[in-house]
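> Enclosed is the structure file protein_8.cif (mmCIF, C-alpha atoms).
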```
data_query
#
loop_
_atom_site.group_PDB
_atom_site.id
_atom_site.type_symbol
_atom_site.label_atom_id
_atom_site.label_comp_id
_atom_site.auth_asym_id
_atom_site.auth_seq_id
_atom_site.Cartn_x
_atom_site.Cartn_y
_atom_site.Cartn_z
ATOM 1 C CA MET E 49 0.000 0.000 0.000
ATOM 2 C CA SER E 50 1.410 3.406 -0.970
ATOM 3 C CA THR E 51 2.514 5.926 1.650
ATOM 4 C CA SER E 52 -0.091 8.471 0.561
ATOM 5 C CA VAL E 53 -2.897 5.915 1.004
ATOM 6 C CA LEU E 54 -1.596 4.866 4.430
ATOM 7 C CA TYR E 55 -1.394 8.514 5.461
ATOM 8 C CA THR E 56 -4.919 9.283 4.269
ATOM 9 C CA LEU E 57 -6.432 6.241 5.977
ATOM 10 C CA CYS E 58 -4.702 7.098 9.223
ATOM 11 C CA VAL E 59 -6.060 10.665 9.210
ATOM 12 C CA LEU E 60 -9.613 9.689 8.247
ATOM 13 C CA ILE E 61 -9.948 6.787 10.686
ATOM 14 C CA TRP E 62 -8.400 8.484 13.692
ATOM 15 C CA GLY E 63 -10.351 11.645 12.945
ATOM 16 C CA SER E 64 -13.560 9.651 13.348
ATOM 17 C CA THR E 65 -12.530 7.853 16.536
ATOM 18 C CA TRP E 66 -13.075 10.931 18.708
ATOM 19 C CA PHE E 67 -16.773 10.724 17.921
ATOM 20 C CA ALA E 68 -16.802 6.995 18.721
ATOM 21 C CA ILE E 69 -14.972 7.508 22.027
ATOM 22 C CA GLU E 70 -17.888 9.587 23.300
ATOM 23 C CA TYR E 71 -19.939 6.367 23.482
ATOM 24 C CA GLN E 72 -17.231 4.628 25.537
ATOM 25 C CA LEU E 73 -17.237 7.038 28.464
ATOM 26 C CA GLU E 74 -20.338 5.942 30.373
ATOM 27 C CA GLY E 75 -21.192 2.778 32.286
ATOM 28 C CA VAL E 76 -17.705 1.227 32.163
ATOM 29 C CA ALA E 77 -14.464 2.274 33.877
ATOM 30 C CA HIS E 78 -12.117 3.821 31.341
ATOM 31 C CA GLU E 79 -9.432 1.258 32.128
ATOM 32 C CA TYR E 80 -11.781 -1.557 31.156
ATOM 33 C CA SER E 81 -13.041 0.207 28.036
ATOM 34 C CA SER E 82 -9.401 0.449 26.955
ATOM 35 C CA PHE E 83 -8.914 -3.213 27.891
ATOM 36 C CA TYR E 84 -11.910 -4.356 25.825
ATOM 37 C CA ARG E 85 -10.813 -2.274 22.841
ATOM 38 C CA PHE E 86 -7.247 -3.526 22.610
ATOM 39 C CA ALA E 87 -8.029 -7.075 23.721
ATOM 40 C CA LEU E 88 -10.479 -7.356 20.827
ATOM 41 C CA ALA E 89 -7.973 -5.759 18.456
ATOM 42 C CA ALA E 90 -5.234 -8.134 19.616
ATOM 43 C CA ILE E 91 -7.492 -11.167 19.124
ATOM 44 C CA LEU E 92 -8.289 -10.061 15.563
ATOM 45 C CA LEU E 93 -4.588 -9.639 14.798
ATOM 46 C CA TRP E 94 -3.669 -12.978 16.374
ATOM 47 C CA VAL E 95 -6.315 -14.751 14.294
ATOM 48 C CA TYR E 96 -4.909 -13.094 11.177
ATOM 49 C CA CYS E 97 -1.332 -14.054 12.101
ATOM 50 C CA ILE E 98 -2.302 -17.670 12.718
ATOM 51 C CA PHE E 99 -4.359 -17.844 9.512
ATOM 52 C CA LYS E 100 -1.463 -16.420 7.486
ATOM 53 C CA LYS E 101 1.055 -18.545 9.432
ATOM 54 C CA LEU E 102 3.118 -15.477 10.304
ATOM 55 C CA PRO E 103 6.089 -16.028 12.676
ATOM 56 C CA LEU E 104 5.206 -15.210 16.280
ATOM 57 C CA LYS E 105 8.364 -16.201 18.140
ATOM 58 C CA PHE E 106 10.482 -13.349 19.481
ATOM 59 C CA GLY E 107 13.271 -13.093 22.025
ATOM 60 C CA LEU E 108 13.092 -11.780 25.582
ATOM 61 C CA VAL E 109 14.593 -8.391 24.713
ATOM 62 C CA GLN E 110 12.088 -7.970 21.894
ATOM 63 C CA HIS E 111 9.211 -8.750 24.255
ATOM 64 C CA VAL E 112 10.501 -6.162 26.728
ATOM 65 C CA TRP E 113 10.237 -3.535 24.000
ATOM 66 C CA LEU E 114 6.789 -4.824 23.050
ATOM 67 C CA VAL E 115 5.614 -4.504 26.651
ATOM 68 C CA LEU E 116 6.892 -0.926 26.748
ATOM 69 C CA LEU E 117 5.205 -0.208 23.422
ATOM 70 C CA GLY E 118 1.912 -1.671 24.600
ATOM 71 C CA THR E 119 2.048 0.194 27.907
ATOM 72 C CA CYS E 120 2.635 3.610 26.340
ATOM 73 C CA MET E 121 0.854 3.420 22.984
ATOM 74 C CA PHE E 122 -2.017 1.015 23.671
ATOM 75 C CA SER E 123 -2.800 1.550 27.340
ATOM 76 C CA LEU E 124 -1.754 4.495 29.501
ATOM 77 C CA ASN E 125 -2.224 7.182 26.851
ATOM 78 C CA TYR E 126 -5.767 5.995 26.105
ATOM 79 C CA ILE E 127 -6.723 5.612 29.761
ATOM 80 C CA LEU E 128 -5.560 9.178 30.365
ATOM 81 C CA LEU E 129 -7.274 10.579 27.271
ATOM 82 C CA TYR E 130 -10.546 8.777 28.005
ATOM 83 C CA LYS E 131 -10.488 10.285 31.494
ATOM 84 C CA ALA E 132 -9.564 13.721 30.148
ATOM 85 C CA GLN E 133 -12.484 13.699 27.737
ATOM 86 C CA VAL E 134 -14.860 13.506 30.701
ATOM 87 C CA PHE E 135 -13.704 16.983 31.768
ATOM 88 C CA LEU E 136 -12.881 18.423 28.343
ATOM 89 C CA SER E 137 -14.855 18.551 25.122
ATOM 90 C CA SER E 138 -13.763 16.135 22.408
ATOM 91 C CA ALA E 139 -12.638 19.110 20.321
ATOM 92 C CA MET E 140 -10.446 20.449 23.125
ATOM 93 C CA ALA E 141 -9.012 16.984 23.767
ATOM 94 C CA SER E 142 -8.140 16.534 20.089
ATOM 95 C CA VAL E 143 -6.405 19.930 19.983
ATOM 96 C CA ILE E 144 -4.298 19.052 23.006
ATOM 97 C CA PHE E 145 -3.449 15.631 21.611
ATOM 98 C CA SER E 146 -2.296 17.189 18.337
ATOM 99 C CA SER E 147 0.605 18.667 20.305
ATOM 100 C CA VAL E 148 2.167 15.188 20.257
ATOM 101 C CA LEU E 149 3.767 16.289 16.979
ATOM 102 C CA ILE E 150 5.834 18.925 18.765
ATOM 103 C CA VAL E 151 6.581 16.577 21.663
ATOM 104 C CA ASN E 152 7.782 13.921 19.189
ATOM 105 C CA ILE E 153 10.082 16.400 17.491
ATOM 106 C CA ILE E 154 11.580 17.496 20.819
ATOM 107 C CA ASN E 155 11.951 13.928 22.108
ATOM 108 C CA SER E 156 13.483 12.744 18.827
ATOM 109 C CA ARG E 157 16.012 15.525 19.099
ATOM 110 C CA ILE E 158 16.790 14.643 22.728
ATOM 111 C CA PHE E 159 16.967 10.848 22.427
ATOM 112 C CA PHE E 160 17.872 10.226 18.772
ATOM 113 C CA LYS E 161 19.665 13.500 17.879
ATOM 114 C CA THR E 162 17.264 13.870 14.956
ATOM 115 C CA PRO E 163 17.743 17.286 13.285
ATOM 116 C CA ILE E 164 14.763 19.610 13.115
ATOM 117 C CA THR E 165 14.561 20.902 9.536
ATOM 118 C CA ALA E 166 13.069 24.238 8.613
ATOM 119 C CA ARG E 167 10.378 22.507 6.525
ATOM 120 C CA VAL E 168 9.234 20.352 9.423
ATOM 121 C CA ALA E 169 9.323 23.274 11.864
ATOM 122 C CA ILE E 170 7.304 25.598 9.596
ATOM 123 C CA GLY E 171 4.774 22.922 8.656
ATOM 124 C CA SER E 172 4.289 21.894 12.272
ATOM 125 C CA ALA E 173 3.794 25.476 13.375
ATOM 126 C CA LEU E 174 1.239 26.141 10.640
ATOM 127 C CA GLY E 175 -0.663 22.974 11.506
ATOM 128 C CA LEU E 176 -0.865 23.781 15.189
ATOM 129 C CA VAL E 177 -1.918 27.360 14.473
ATOM 130 C CA GLY E 178 -4.659 25.907 12.293
ATOM 131 C CA MET E 179 -5.873 23.706 15.132
ATOM 132 C CA VAL E 180 -5.984 26.688 17.491
ATOM 133 C CA LEU E 181 -7.995 28.687 14.956
ATOM 134 C CA ILE E 182 -10.460 25.839 14.361
ATOM 135 C CA PHE E 183 -11.264 25.556 18.054
ATOM 136 C CA TRP E 184 -10.708 29.214 18.908
ATOM 137 C CA ASP E 185 -14.109 29.640 20.560
ATOM 138 C CA GLU E 186 -13.408 26.836 23.021
ATOM 139 C CA LEU E 187 -9.855 27.980 23.669
ATOM 140 C CA SER E 188 -10.919 31.584 24.225
ATOM 141 C CA HIS E 189 -13.483 30.439 26.811
ATOM 142 C CA PHE E 190 -11.052 28.099 28.533
ATOM 143 C CA SER E 191 -11.941 27.761 32.209
ATOM 144 C CA LEU E 192 -9.479 27.503 35.059
ATOM 145 C CA GLU E 193 -11.914 25.552 37.197
ATOM 146 C CA ASN E 194 -10.401 22.548 38.914
ATOM 147 C CA THR E 195 -12.135 19.979 36.731
ATOM 148 C CA THR E 196 -10.907 21.627 33.546
ATOM 149 C CA VAL E 197 -7.360 21.937 34.844
ATOM 150 C CA PHE E 198 -7.504 18.285 35.887
ATOM 151 C CA GLY E 199 -8.686 17.298 32.401
ATOM 152 C CA LEU E 200 -5.924 19.345 30.797
ATOM 153 C CA THR E 201 -3.317 17.688 33.035
ATOM 154 C CA LEU E 202 -4.594 14.216 32.139
ATOM 155 C CA ALA E 203 -4.538 15.040 28.413
ATOM 156 C CA ILE E 204 -0.964 16.336 28.580
ATOM 157 C CA MET E 205 0.122 13.197 30.433
ATOM 158 C CA GLY E 206 -1.581 11.155 27.701
ATOM 159 C CA VAL E 207 0.344 13.087 25.052
ATOM 160 C CA LEU E 208 3.639 12.362 26.819
ATOM 161 C CA ALA E 209 2.814 8.641 27.021
ATOM 162 C CA ALA E 210 1.847 8.568 23.322
ATOM 163 C CA SER E 211 5.094 10.306 22.347
ATOM 164 C CA ILE E 212 7.155 7.749 24.273
ATOM 165 C CA GLY E 213 5.203 5.018 22.477
ATOM 166 C CA ASN E 214 6.102 6.613 19.142
ATOM 167 C CA LEU E 215 9.789 6.653 20.007
ATOM 168 C CA VAL E 216 9.670 3.055 21.253
ATOM 169 C CA SER E 217 8.123 2.030 17.932
ATOM 170 C CA VAL E 218 10.979 3.697 16.060
ATOM 171 C CA GLN E 219 13.509 2.019 18.344
ATOM 172 C CA THR E 220 12.071 -1.443 17.628
ATOM 173 C CA GLN E 221 13.182 -1.126 14.001
ATOM 174 C CA LYS E 222 16.624 -2.423 14.974
ATOM 175 C CA TYR E 223 14.988 -5.750 15.903
ATOM 176 C CA ASP E 224 13.174 -6.082 12.554
ATOM 177 C CA LEU E 225 9.794 -6.673 14.199
ATOM 178 C CA PRO E 226 7.046 -7.004 11.564
ATOM 179 C CA VAL E 227 4.313 -4.385 12.040
ATOM 180 C CA ILE E 228 1.386 -6.840 12.231
ATOM 181 C CA GLN E 229 2.993 -9.135 14.797
ATOM 182 C CA MET E 230 4.342 -6.146 16.707
ATOM 183 C CA ASN E 231 0.843 -4.700 16.962
ATOM 184 C CA ALA E 232 -0.622 -8.076 17.967
ATOM 185 C CA PHE E 233 1.753 -8.425 20.903
ATOM 186 C CA GLY E 234 1.783 -4.704 21.737
ATOM 187 C CA MET E 235 -2.009 -4.466 21.895
ATOM 188 C CA ALA E 236 -2.245 -7.668 23.930
ATOM 189 C CA TYR E 237 0.262 -6.325 26.436
ATOM 190 C CA GLY E 238 -1.476 -2.940 26.435
ATOM 191 C CA ALA E 239 -4.833 -4.577 27.146
ATOM 192 C CA LEU E 240 -3.347 -6.504 30.068
ATOM 193 C CA VAL E 241 -1.782 -3.335 31.493
ATOM 194 C CA SER E 242 -5.150 -1.536 31.297
ATOM 195 C CA LEU E 243 -6.848 -4.451 33.043
ATOM 196 C CA LEU E 244 -4.173 -4.480 35.742
ATOM 197 C CA VAL E 245 -4.457 -0.720 36.292
ATOM 198 C CA GLY E 246 -8.206 -1.053 36.798
ATOM 199 C CA LEU E 247 -7.861 -4.000 39.184
ATOM 200 C CA VAL E 248 -5.138 -2.307 41.242
ATOM 201 C CA GLN E 249 -7.454 0.666 41.731
ATOM 202 C CA GLY E 250 -10.154 -1.701 42.954
ATOM 203 C CA LYS E 251 -12.587 -0.851 40.174
ATOM 204 C CA THR E 252 -15.367 -3.343 39.519
ATOM 205 C CA ILE E 253 -15.204 -5.048 36.146
ATOM 206 C CA SER E 254 -18.325 -4.206 34.176
ATOM 207 C CA TYR E 255 -19.588 -4.148 30.620
ATOM 208 C CA ASN E 256 -22.100 -1.949 28.793
ATOM 209 C CA LEU E 257 -24.542 -4.011 26.714
ATOM 210 C CA SER E 258 -25.985 -1.003 24.881
ATOM 211 C CA LEU E 259 -25.880 -1.042 21.087
ATOM 212 C CA SER E 260 -24.026 2.276 20.896
ATOM 213 C CA TYR E 261 -21.278 1.058 23.232
ATOM 214 C CA ASN E 262 -20.747 -2.181 21.326
ATOM 215 C CA ILE E 263 -20.802 -0.614 17.857
ATOM 216 C CA SER E 264 -18.303 2.048 18.922
ATOM 217 C CA LEU E 265 -16.138 -0.607 20.603
ATOM 218 C CA VAL E 266 -15.978 -2.734 17.458
ATOM 219 C CA TYR E 267 -15.226 0.338 15.344
ATOM 220 C CA LEU E 268 -12.454 1.490 17.686
ATOM 221 C CA ALA E 269 -10.933 -1.993 17.871
ATOM 222 C CA LEU E 270 -11.109 -2.905 14.179
ATOM 223 C CA PHE E 271 -10.618 0.424 12.427
ATOM 224 C CA GLY E 272 -9.198 2.717 15.113
ATOM 225 C CA SER E 273 -6.724 0.119 16.389
ATOM 226 C CA VAL E 274 -6.022 -2.698 13.909
ATOM 227 C CA PHE E 275 -6.164 -0.695 10.669
ATOM 228 C CA ALA E 276 -5.113 2.783 11.802
ATOM 229 C CA PHE E 277 -2.205 1.697 13.983
ATOM 230 C CA GLY E 278 -1.032 -0.663 11.259
ATOM 231 C CA CYS E 279 -0.972 2.269 8.859
ATOM 232 C CA TYR E 280 0.636 4.619 11.369
ATOM 233 C CA LEU E 281 3.443 2.325 12.506
ATOM 234 C CA THR E 282 4.221 1.562 8.874
ATOM 235 C CA LEU E 283 4.418 5.300 8.219
ATOM 236 C CA LEU E 284 6.793 5.738 11.156
ATOM 237 C CA ARG E 285 9.211 3.351 9.490
ATOM 238 C CA ARG E 286 8.833 4.770 5.989
ATOM 239 C CA ILE E 287 8.881 8.522 6.468
ATOM 240 C CA GLY E 288 10.022 9.006 10.072
ATOM 241 C CA VAL E 289 8.375 10.097 13.284
ATOM 242 C CA HIS E 290 8.156 13.811 12.345
ATOM 243 C CA LYS E 291 6.209 13.451 9.112
ATOM 244 C CA ALA E 292 4.120 10.486 10.236
ATOM 245 C CA SER E 293 3.096 12.377 13.369
ATOM 246 C CA TYR E 294 1.655 15.188 11.290
ATOM 247 C CA ALA E 295 -1.352 12.930 10.769
ATOM 248 C CA VAL E 296 -2.123 13.624 14.421
ATOM 249 C CA VAL E 297 -2.349 17.337 13.626
ATOM 250 C CA LEU E 298 -4.676 16.685 10.705
ATOM 251 C CA PHE E 299 -7.202 14.309 12.251
ATOM 252 C CA PRO E 300 -8.931 16.974 14.402
ATOM 253 C CA ALA E 301 -10.052 18.558 11.125
ATOM 254 C CA VAL E 302 -11.809 15.289 10.274
ATOM 255 C CA ALA E 303 -13.360 15.287 13.740
ATOM 256 C CA LEU E 304 -14.618 18.793 12.999
ATOM 257 C CA ILE E 305 -16.321 17.669 9.788
ATOM 258 C CA ILE E 306 -18.006 14.774 11.581
ATOM 259 C CA SER E 307 -19.158 17.139 14.286
ATOM 260 C CA THR E 308 -20.647 19.392 11.594
ATOM 261 C CA LEU E 309 -22.602 16.516 10.086
ATOM 262 C CA PHE E 310 -23.814 14.849 13.264
ATOM 263 C CA GLU E 311 -23.572 17.431 16.048
ATOM 264 C CA ASP E 312 -24.611 20.636 14.243
ATOM 265 C CA PHE E 313 -21.224 22.287 14.624
ATOM 266 C CA GLN E 314 -21.343 25.933 13.495
ATOM 267 C CA TRP E 315 -18.652 27.101 11.055
ATOM 268 C CA THR E 316 -16.940 30.466 11.613
ATOM 269 C CA TRP E 317 -14.240 32.487 9.917
ATOM 270 C CA SER E 318 -11.641 31.096 12.340
ATOM 271 C CA VAL E 319 -12.597 27.524 11.423
ATOM 272 C CA ALA E 320 -12.249 28.181 7.691
ATOM 273 C CA LEU E 321 -8.931 29.963 8.212
ATOM 274 C CA GLY E 322 -7.716 27.116 10.387
ATOM 275 C CA ILE E 323 -8.374 24.591 7.617
ATOM 276 C CA LEU E 324 -6.276 26.728 5.246
ATOM 277 C CA PHE E 325 -3.403 26.806 7.743
ATOM 278 C CA ILE E 326 -3.541 23.035 8.074
ATOM 279 C CA ALA E 327 -3.459 22.593 4.301
ATOM 280 C CA ALA E 328 -0.459 24.919 4.055
ATOM 281 C CA GLY E 329 1.324 23.045 6.816
ATOM 282 C CA ASN E 330 0.656 19.770 5.056
ATOM 283 C CA VAL E 331 2.343 21.097 1.931
ATOM 284 C CA PHE E 332 5.446 21.956 3.958
ATOM 285 C CA VAL E 333 5.740 18.697 5.896
ATOM 286 C CA ILE E 334 4.498 16.144 3.346
ATOM 287 C CA ASN E 335 5.237 17.072 -0.254
ATOM 288 C CA ARG E 336 4.985 14.933 -3.378
ATOM 289 C CA ARG E 337 8.720 14.391 -3.638
ATOM 290 C CA ASP E 338 8.850 12.997 -0.092
ATOM 291 C CA LEU E 339 5.918 10.667 -0.752
ATOM 292 C CA SER E 340 7.205 9.422 -4.097
ATOM 293 C CA LYS E 341 10.523 8.472 -2.518
ATOM 294 C CA ALA E 342 8.780 6.496 0.210
ATOM 295 C CA GLN E 343 6.377 4.576 -2.013
#
```
With the file now loaded, output its structure as structure tokens.

Amino acid sequence: MSTSVLYTLCVLIWGSTWFAIEYQLEGVAHEYSSFYRFALAAILLWVYCIFKKLPLKFGLVQHVWLVLLGTCMFSLNYILLYKAQVFLSSAMASVIFSSVLIVNIINSRIFFKTPITARVAIGSALGLVGMVLIFWDELSHFSLENTTVFGLTLAIMGVLAASIGNLVSVQTQKYDLPVIQMNAFGMAYGALVSLLVGLVQGKTISYNLSLSYNISLVYLALFGSVFAFGCYLTLLRRIGVHKASYAVVLFPAVALIISTLFEDFQWTWSVALGILFIAAGNVFVINRRDLSKAQ
């Protein structure tokens, strides 16, 4: 599958997951909702691996990295973001999460000595400015009430966990771990970590039998986890953490469109201008020459 297709799928699918997450926030502890999501995703990937007879034997060191990957990318960041979305609107949460691009760039520079090019810096800045413009009304009415500050803190912690997961994924390249098997193990470990976190806190295991909860769970597991993460981790290896992470800046725009169609979101001049900034940033970070080289 070409890099441009992987990139597009990642943006479209993850942009729609914010809407689906809204149906996962009631009736079940967030730790267990995360557990159900990634346990189901892991089962689907394991079935695929067994059906295709893909190799599933890895060494101890490789499993240590897979546990770290699962903990950061498929557990803690989602637990924190699910909790944050209780106190923040989905739009605000998506804006905050889009800052993972900047965190990735800084962490890559710190841990991998990756240079920050002018193109990446300009494109990232334009994209983030676009996100601020899109959700300007919410940002301008930001409240300093305790619950909002708590939600903001949780979201930032989720961003940090996600960024570490991104860097761990890049680091696993030296072990030549196939993306599908890596996701199968990583999501299984992530699901177990989420379950353990819930049990340690003494939370009662429960399940929501409502149709909306189950449909959103299946969508998040199959599309938001199996497909989207497969695309994203492949992008990390092909075009690097900086450019692949720009998909995280773009997906809030998709969330905005969905909100317009299903939640009667009202367009303003700042929203339209924000979309233009995002498009301009995309031109800077991902251009045709970069994509053609990676295909």
> Translate the PyMOL selection byres ((chain E and resi 178) around 6), as applied to the file shown, into an explicit residue set as number ranges by chain.
E: 175-177, 179-181, 322, 325-326
> Mind giving me the straight-line distance from CA of Gly246 in chain E to CA of Ile61 in chain E in Å, one decimal?
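Value for the CA of Gly246 in chain E-CA of Ile61 in chain E distance: 27.3 Å.
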> Would you list the contacts of range 280-282 of chain E as a ChimeraX atom specification, taking every protein, DNA or RNA residue within 8 Å and counting only C-alpha atoms, but skipping same-chain residues closer than 4 positions in sequence?
/E:54-55,58,217,227,276,286,292
> May I have the residues from that selection written out with C-alpha atoms, as an mmCIF file, keeping the file's coordinate frame?

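selection-v9.cif, written as the output of this step:
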```cif
data_model
loop_
_atom_site.group_PDB
_atom_site.id
_atom_site.type_symbol
_atom_site.label_atom_id
_atom_site.label_comp_id
_atom_site.auth_asym_id
_atom_site.auth_seq_id
_atom_site.Cartn_x
_atom_site.Cartn_y
_atom_site.Cartn_z
ATOM 1 C CA LEU E 54 -1.596 4.866 4.430
ATOM 2 C CA TYR E 55 -1.394 8.514 5.461
ATOM 3 C CA CYS E 58 -4.702 7.098 9.223
ATOM 4 C CA SER E 217 8.123 2.030 17.932
ATOM 5 C CA VAL E 227 4.313 -4.385 12.040
ATOM 6 C CA ALA E 276 -5.113 2.783 11.802
ATOM 7 C CA ARG E 286 8.833 4.770 5.989
ATOM 8 C CA ALA E 292 4.120 10.486 10.236
#
```
> Report as an mmCIF file with C-alpha atoms, in the frame of the given file the residues that result from applying the PyMOL selection byres ((chain E and resi 214) around 9) to the structure here.

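What ended up in out.cif:
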```cif
data_model
loop_
_atom_site.group_PDB
_atom_site.id
_atom_site.type_symbol
_atom_site.label_atom_id
_atom_site.label_comp_id
_atom_site.auth_asym_id
_atom_site.auth_seq_id
_atom_site.Cartn_x
_atom_site.Cartn_y
_atom_site.Cartn_z
ATOM 1 C CA LEU E 117 5.205 -0.208 23.422
ATOM 2 C CA CYS E 120 2.635 3.610 26.340
ATOM 3 C CA MET E 121 0.854 3.420 22.984
ATOM 4 C CA ASN E 152 7.782 13.921 19.189
ATOM 5 C CA ALA E 209 2.814 8.641 27.021
ATOM 6 C CA ALA E 210 1.847 8.568 23.322
ATOM 7 C CA SER E 211 5.094 10.306 22.347
ATOM 8 C CA ILE E 212 7.155 7.749 24.273
ATOM 9 C CA GLY E 213 5.203 5.018 22.477
ATOM 10 C CA LEU E 215 9.789 6.653 20.007
ATOM 11 C CA VAL E 216 9.670 3.055 21.253
ATOM 12 C CA SER E 217 8.123 2.030 17.932
ATOM 13 C CA VAL E 218 10.979 3.697 16.060
ATOM 14 C CA GLN E 219 13.509 2.019 18.344
ATOM 15 C CA LEU E 281 3.443 2.325 12.506
ATOM 16 C CA LEU E 284 6.793 5.738 11.156
ATOM 17 C CA VAL E 289 8.375 10.097 13.284
ATOM 18 C CA SER E 293 3.096 12.377 13.369
#
```
> May I ask for the distance between CA of Val143 in chain E and CA of Pro300 in chain E, given in Å to one decimal place?
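Interatomic distance here is 6.8 Å.
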> Between CA of Ala328 in chain E and CA of Ile154 in chain E, what is the spacing in Å?
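Those two atoms sit 21.9 Å apart.
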